[in-house]
file query02.cif (mmCIF, C-alpha atoms)
data_my_file
loop_
_atom_site.label_atom_id
_atom_site.label_comp_id
_atom_site.auth_asym_id
_atom_site.auth_seq_id
_atom_site.Cartn_x
_atom_site.Cartn_y
_atom_site.Cartn_z
CA MET A 1 5.84 -17.91 15.11
CA ARG A 2 2.91 -16.63 17.11
CA LEU A 3 3.86 -13.31 18.73
CA LEU A 4 2.10 -11.26 21.39
CA LEU A 5 2.64 -7.51 21.06
CA ILE A 6 1.73 -5.43 24.12
CA GLU A 7 1.95 -1.79 22.99
CA ASP A 8 -0.45 1.13 23.60
CA ASP A 9 0.92 3.44 20.90
CA ALA A 10 -1.37 2.77 17.94
CA LEU A 11 1.09 3.88 15.27
CA ILE A 12 3.93 1.77 16.66
CA ALA A 13 1.64 -1.23 17.11
CA GLU A 14 0.38 -0.91 13.55
CA SER A 15 3.84 -0.66 11.99
CA VAL A 16 5.29 -3.49 14.10
CA THR A 17 2.32 -5.74 13.37
CA ALA A 18 2.52 -5.07 9.63
CA SER A 19 6.28 -5.66 9.55
CA LEU A 20 6.23 -8.89 11.54
CA THR A 21 3.15 -10.20 9.74
CA GLY A 22 4.95 -9.55 6.46
CA ALA A 23 7.88 -11.57 7.84
CA GLY A 24 5.60 -14.59 8.24
CA HIS A 25 4.48 -14.32 11.86
CA THR A 26 1.06 -14.30 13.48
CA VAL A 27 0.82 -11.18 15.65
CA ASP A 28 -1.79 -10.65 18.38
CA ALA A 29 -1.70 -7.01 19.54
CA LEU A 30 -2.95 -5.77 22.93
CA THR A 31 -2.79 -2.31 24.51
CA SER A 32 -2.91 -2.76 28.30
CA ALA A 33 -1.45 -4.70 31.20
CA ALA A 34 -4.88 -6.08 32.09
CA GLU A 35 -5.37 -7.49 28.59
CA ALA A 36 -1.86 -8.92 28.69
CA HIS A 37 -2.41 -10.72 32.00
CA GLY A 38 -5.64 -12.23 30.65
CA ALA A 39 -4.11 -13.38 27.36
CA LEU A 40 -1.02 -14.86 29.01
CA ALA A 41 -3.19 -16.83 31.43
CA ARG A 42 -5.16 -18.41 28.56
CA GLU A 43 -2.85 -18.60 25.55
CA ARG A 44 0.65 -19.69 24.58
CA PHE A 45 2.99 -17.64 22.39
CA ASN A 46 6.43 -18.18 20.90
CA LEU A 47 7.59 -14.67 21.78
CA ILE A 48 6.30 -11.62 23.65
CA LEU A 49 7.10 -8.03 22.63
CA LEU A 50 6.46 -5.89 25.68
CA ASP A 51 6.24 -2.11 26.07
CA LEU A 52 6.97 -0.88 29.60
CA GLY A 53 4.86 2.30 29.67
CA LEU A 54 1.34 0.84 29.58
CA PRO A 55 -1.73 2.97 30.41
CA ASP A 56 -2.81 0.82 33.38
CA GLY A 57 0.52 -0.35 34.78
CA ASP A 58 4.19 -1.05 34.26
CA GLY A 59 5.25 -3.65 31.73
CA LEU A 60 7.87 -4.85 34.23
CA ASP A 61 5.01 -6.05 36.46
CA VAL A 62 3.60 -8.04 33.53
CA LEU A 63 7.04 -9.55 33.03
CA ALA A 64 7.46 -10.36 36.73
CA ALA A 65 4.06 -12.08 36.88
CA LEU A 66 4.91 -14.11 33.79
CA ARG A 67 8.20 -15.33 35.25
CA ASP A 68 6.69 -15.93 38.70
CA SER A 69 4.18 -18.27 37.06
CA GLY A 70 7.04 -20.33 35.64
CA ASP A 71 6.43 -19.22 32.04
CA ALA A 72 9.76 -19.05 30.18
CA THR A 73 8.40 -17.60 26.91
CA PRO A 74 11.07 -15.27 25.45
CA VAL A 75 10.36 -11.58 26.09
CA LEU A 76 11.71 -8.68 24.04
CA ILE A 77 11.20 -5.34 25.75
CA LEU A 78 10.32 -2.39 23.49
CA THR A 79 10.49 0.90 25.35
CA ALA A 80 11.45 4.56 25.32
CA ARG A 81 13.27 4.03 28.64
CA ASP A 82 16.85 3.89 27.44
CA ASN A 83 19.03 4.36 30.52
CA VAL A 84 21.23 1.59 31.88
CA ASP A 85 19.28 1.16 35.14
CA ASP A 86 16.04 0.49 33.24
CA ARG A 87 17.78 -2.07 31.03
CA VAL A 88 19.28 -3.81 34.05
CA ARG A 89 15.90 -3.96 35.82
CA GLY A 90 14.24 -5.44 32.75
CA LEU A 91 16.92 -8.05 32.21
CA ASP A 92 17.04 -8.92 35.91
CA ARG A 93 13.27 -9.46 35.93
CA GLY A 94 13.64 -12.04 33.18
CA ALA A 95 13.61 -10.23 29.81
CA ASP A 96 15.64 -11.89 27.07
CA ASP A 97 16.40 -8.78 25.04
CA TYR A 98 15.86 -5.02 25.06
CA LEU A 99 15.22 -2.63 22.16
CA ALA A 100 14.96 1.12 22.74
CA LYS A 101 12.53 3.33 20.81
CA PRO A 102 12.80 4.57 18.15
CA PHE A 103 14.07 1.39 16.54
CA SER A 104 14.60 0.00 13.07
CA LEU A 105 12.01 -2.52 11.95
CA ALA A 106 14.79 -4.46 10.24
CA GLU A 107 16.63 -4.74 13.55
CA LEU A 108 13.42 -5.74 15.32
CA LYS A 109 12.86 -8.57 12.85
CA ALA A 110 16.46 -9.72 13.26
CA ARG A 111 16.12 -9.80 17.05
CA VAL A 112 12.85 -11.75 16.76
CA ARG A 113 14.61 -14.30 14.54
CA ALA A 114 17.53 -14.51 16.98
CA LEU A 115 15.23 -15.18 19.93
CA GLY A 116 13.39 -17.80 17.88
CA ARG A 117 16.67 -19.56 17.12
CA ARG A 118 17.77 -19.40 20.74
CA SER A 119 14.48 -20.80 22.06
CA GLN A 120 14.84 -23.80 19.76
CA GLN A 121 18.60 -24.13 20.20
CA ARG A 122 19.21 -23.64 16.48
CA THR A 123 22.26 -22.06 14.93
CA ASP A 124 20.62 -20.54 11.84
CA ASP A 125 17.27 -19.36 10.51
CA ARG A 126 16.44 -22.46 8.48
CA LEU A 127 13.99 -25.24 9.28
CA VAL A 128 14.67 -28.33 7.17
CA LEU A 129 12.98 -31.67 6.62
CA GLY A 130 14.17 -33.61 3.58
CA PRO A 131 13.74 -31.42 0.48
CA LEU A 132 11.55 -28.85 2.30
CA VAL A 133 13.28 -25.76 3.72
CA PHE A 134 11.80 -22.71 5.45
CA ASP A 135 14.10 -19.69 5.79
CA ALA A 136 12.89 -17.33 8.52
CA ALA A 137 15.23 -14.54 7.39
CA THR A 138 13.49 -14.28 4.03
CA ALA A 139 10.14 -15.90 4.95
CA THR A 140 10.46 -18.26 2.00
CA LEU A 141 9.72 -21.95 1.59
CA THR A 142 11.57 -24.06 -0.95
CA LEU A 143 10.87 -27.60 -2.11
CA HIS A 144 13.68 -29.34 -4.00
CA ASP A 145 15.38 -25.91 -4.23
CA GLU A 146 12.36 -24.29 -5.90
CA VAL A 147 10.54 -21.47 -4.11
CA LEU A 148 6.90 -22.16 -3.30
CA ASP A 149 4.81 -19.00 -3.59
CA LEU A 150 2.32 -19.61 -0.79
CA PRO A 151 -0.40 -17.47 0.80
CA ARG A 152 0.58 -16.16 4.23
CA ARG A 153 -1.29 -18.68 6.37
CA GLU A 154 -0.31 -21.66 4.24
CA LEU A 155 3.30 -20.56 4.67
CA ARG A 156 2.83 -20.35 8.44
CA LEU A 157 1.34 -23.84 8.47
CA ALA A 158 4.40 -25.23 6.69
CA GLU A 159 6.72 -23.36 9.07
CA ASN A 160 4.96 -24.69 12.17
CA LEU A 161 4.90 -28.27 10.95
CA LEU A 162 8.62 -27.99 10.12
CA ARG A 163 9.33 -26.42 13.51
CA HIS A 164 8.11 -29.61 15.19
CA GLY A 165 10.24 -31.88 12.98
CA GLN A 166 8.19 -35.08 12.43
CA GLN A 167 6.50 -34.70 15.82
CA ILE A 168 2.75 -34.52 16.30
CA VAL A 169 1.38 -30.98 16.46
CA ALA A 170 -1.99 -30.59 18.17
CA ARG A 171 -4.80 -29.05 16.18
CA GLU A 172 -5.25 -26.41 18.87
CA THR A 173 -1.60 -25.41 18.53
CA LEU A 174 -1.86 -24.99 14.77
CA ASP A 175 -5.13 -23.06 15.09
CA ALA A 176 -3.47 -20.62 17.49
CA GLN A 177 -0.34 -20.27 15.36
CA LEU A 178 -2.25 -19.62 12.12
CA PHE A 179 -5.19 -17.55 13.30
CA GLY A 180 -4.30 -16.07 16.71
CA PHE A 181 -7.28 -14.16 18.08
CA ASP A 182 -9.02 -14.06 14.67
CA ALA A 183 -12.43 -15.73 14.46
CA VAL A 184 -12.48 -18.39 11.73
CA GLY A 185 -14.69 -21.28 10.68
CA SER A 186 -14.36 -24.67 12.34
CA ASN A 187 -12.86 -26.25 9.21
CA ALA A 188 -10.43 -23.43 8.36
CA LEU A 189 -7.38 -25.41 9.41
CA GLU A 190 -8.41 -28.43 7.31
CA VAL A 191 -8.63 -26.19 4.25
CA TYR A 192 -4.99 -25.12 4.65
CA ILE A 193 -3.87 -28.67 5.47
CA SER A 194 -5.52 -29.90 2.26
CA ARG A 195 -3.88 -27.18 0.14
CA LEU A 196 -0.43 -27.86 1.56
CA ARG A 197 -0.85 -31.61 1.07
CA LYS A 198 -1.49 -31.04 -2.63
CA ARG A 199 1.67 -28.95 -2.95
CA LEU A 200 3.73 -31.68 -1.31
CA ALA A 201 2.30 -34.51 -3.42
CA GLY A 202 5.10 -36.55 -4.97
CA SER A 203 7.82 -34.76 -2.99
CA GLY A 204 8.57 -37.58 -0.57
CA LEU A 205 6.87 -35.70 2.28
CA ALA A 206 3.36 -36.09 3.64
CA ILE A 207 1.12 -34.52 6.27
CA ARG A 208 -0.36 -37.28 8.36
CA THR A 209 -3.59 -36.85 10.33
CA LEU A 210 -3.66 -38.60 13.70
CA ARG A 211 -7.26 -38.65 14.88
CA GLY A 212 -7.74 -36.98 18.23
CA LEU A 213 -4.06 -35.97 18.38
CA GLY A 214 -3.21 -33.63 15.53
CA TYR A 215 -1.00 -33.57 12.45
CA ARG A 216 2.56 -34.55 11.61
CA LEU A 217 4.79 -33.62 8.70
CA GLU A 218 6.86 -36.70 7.89
CA ILE A 219 9.13 -38.27 5.33
CA GLU A 220 7.21 -40.91 3.42
CA ARG A 221 8.49 -44.44 3.68
CA SER A 222 9.44 -46.09 0.41
#
call {"tool": "encode", "arguments": {"input": "query02.cif", "output": "structure tokens"}}
result
Amino acid sequence: MRLLLIEDDALIAESVTASLTGAGHTVDALTSAAEAHGALARERFNLILLDLGLPDGDGLDVLAALRDSGDATPVLILTARDNVDDRVRGLDRGADDYLAKPFSLAELKARVRALGRRSQQRTDDRLVLGPLVFDAATATLTLHDEVLDLPRRELRLAENLLRHGQQIVARETLDAQLFGFDAVGSNALEVYISRLRKRLAGSGLAIRTLRGLGYRLEIERS
């Protein structure tokens, strides 16, 4: 998933980013309310991790603006404010979950997975299409029950194609999910598409290019 982390503590941001990147996510990290408002107006994310004590404002105002705009992206609040009133205010403003600092990175990853399941109305952490299975809990991809040892971005590509389940995924969506705010070459996505196609050759699955629309992972017809 593509995650937006809004956190001004550099050490926390670094450890959270490393942990969630290692779990197979793309993490874009920002440090202020102003940056958050700008990013949320331009980009789409699967989940937002929001600190409340930002240097230029209150994270609850960022949350309120997001919900007022009609954006239902799941929000997990990360904050040192741990009293009941603060939790109630955050949840009433539209947060989906609340995690008090200091927190366990293992618990954070579990809550991220849970929110991902809930947003897609799934009951477990697996994405399945034919013989291809992505397990979000272990960040592993298996094909015919054999683990594929993939580079991080190739793994994310497979996850995102599986997440859309034989539906067309726009190129812009895949670019954002794989690279986030990183600057990459214009053909970077095609490189990863080509590599994943080769790994799927002969498996009964194929990645189809639909010109002007995007890509679709589908079961090949016999």
call {"tool": "residues_around", "arguments": {"input": "query02.cif", "residues": "stretch 59-67 of chain A", "least_positions_apart": "2", "cutoff": "7 Å", "atoms": "only C-alpha atoms", "output": "PyMOL selection string"}}
result
chain A and resi 33+37+50-54+57+69-72+90+93-94
call {"tool": "residues_around", "arguments": {"input": "query02.cif", "residues": "stretch 119-128 of chain A", "least_positions_apart": "2", "cutoff": "10 Å", "atoms": "only C-alpha atoms", "output": "JSON, numbers by chain"}}
result
{"A": [46, 47, 72, 73, 74, 113, 114, 115, 116, 117, 130, 131, 132, 133, 134, 135, 136, 137, 138, 139, 140, 141, 142, 158, 159, 160, 161, 162, 163, 164, 165]}
call {"tool": "atom_distance", "arguments": {"input": "query02.cif", "atom1": "atom CA of A:Leu99", "atom2": "atom CA of A:Ala23"}}
result
18.4 Å
call {"tool": "resolve_selection", "arguments": {"input": "query02.cif", "expression": "the PyMOL selection byres ((chain A and resi 197) around 12)", "output": "list in words"}}
result
Glu154, Leu157, Ala158, Leu161, Glu190, Val191, Tyr192, Ile193, Ser194, Arg195, Leu196, Lys198, Arg199, Leu200, Ala201, Gly202, Ser203, Gly204, Leu205, Ala206, Ile207, Arg208, Thr209, Tyr215, Arg216, Leu217 and Glu218 of chain A
call {"tool": "residues_around", "arguments": {"input": "query02.cif", "residues": "A:Leu108", "least_positions_apart": "5", "cutoff": "10 Å", "atoms": "all atoms listed in the file", "output": "PyMOL selection string"}}
result
chain A and resi 16+19-20+49+76+78+99+103+113-114
call {"tool": "write_last_selection", "arguments": {"input": "query02.cif", "atoms": "C-alpha atoms", "output": "PDB file, keeping the file's coordinate frame"}}
result
ATOM      1  CA  VAL A  16       5.290  -3.490  14.100  1.00  0.00           C
ATOM      2  CA  SER A  19       6.280  -5.660   9.550  1.00  0.00           C
ATOM      3  CA  LEU A  20       6.230  -8.890  11.540  1.00  0.00           C
ATOM      4  CA  LEU A  49       7.100  -8.030  22.630  1.00  0.00           C
ATOM      5  CA  LEU A  76      11.710  -8.680  24.040  1.00  0.00           C
ATOM      6  CA  LEU A  78      10.320  -2.390  23.490  1.00  0.00           C
ATOM      7  CA  LEU A  99      15.220  -2.630  22.160  1.00  0.00           C
ATOM      8  CA  PHE A 103      14.070   1.390  16.540  1.00  0.00           C
ATOM      9  CA  ARG A 113      14.610 -14.300  14.540  1.00  0.00           C
ATOM     10  CA  ALA A 114      17.530 -14.510  16.980  1.00  0.00           C
TER      11      ALA A 114
END
call {"tool": "resolve_selection", "arguments": {"input": "query02.cif", "expression": "the PyMOL selection byres ((chain A and resi 13) around 12)", "output": "JSON, numbers by chain"}}
result
{"A": [4, 5, 6, 7, 8, 9, 10, 11, 12, 14, 15, 16, 17, 18, 19, 20, 21, 27, 28, 29, 30, 31, 49, 50, 51, 78, 105]}
call {"tool": "atom_distance", "arguments": {"input": "query02.cif", "atom1": "atom CA of A:Val184", "atom2": "atom CA of A:Leu3"}}
result
18.5 Å
call {"tool": "closest_residue", "arguments": {"input": "query02.cif", "among": "A:Leu189, A:Leu178, A:Ala36, A:Ala41", "to": "A:Arg152", "atoms": "all atoms listed in the file"}}
result
A:Leu178
call {"tool": "atom_distance", "arguments": {"input": "query02.cif", "atom1": "atom CA of A:Asn83", "atom2": "atom CA of A:Glu107"}}
result
19.4 Å
call {"tool": "residues_around", "arguments": {"input": "query02.cif", "residues": "stretch 174-177 of chain A", "least_positions_apart": "2", "cutoff": "8 Å", "atoms": "all atoms listed in the file", "output": "VMD selection string"}}
result
chain A and resid 1 to 2 26 156 to 157 160 169 to 172 179 to 181 189
call {"tool": "closest_residue", "arguments": {"input": "query02.cif", "among": "A:Leu129, A:Pro55, A:Gly24, A:Glu220", "to": "A:Pro151", "atoms": "all atoms listed in the file"}}
result
A:Gly24
call {"tool": "residues_around", "arguments": {"input": "query02.cif", "residues": "A:Arg81", "least_positions_apart": "6", "cutoff": "8 Å", "atoms": "all atoms listed in the file", "output": "mmCIF file with C-alpha atoms, in the frame of the given file"}}
result
data_model
loop_
_atom_site.group_PDB
_atom_site.id
_atom_site.type_symbol
_atom_site.label_atom_id
_atom_site.label_comp_id
_atom_site.auth_asym_id
_atom_site.auth_seq_id
_atom_site.Cartn_x
_atom_site.Cartn_y
_atom_site.Cartn_z
ATOM 1 C CA ARG A 87 17.780 -2.070 31.030
ATOM 2 C CA ALA A 100 14.960 1.120 22.740
ATOM 3 C CA LYS A 101 12.530 3.330 20.810
#
call {"tool": "closest_residue", "arguments": {"input": "query02.cif", "among": "A:Asp182, A:Asp145, A:Asn187, A:Asp97", "to": "A:Ile48", "atoms": "only C-alpha atoms"}}
result
A:Asp97
call {"tool": "closest_residue", "arguments": {"input": "query02.cif", "among": "A:Glu35, A:Glu43, A:Glu146, A:Asp68", "to": "A:Asp56", "atoms": "only C-alpha atoms"}}
result
A:Glu35
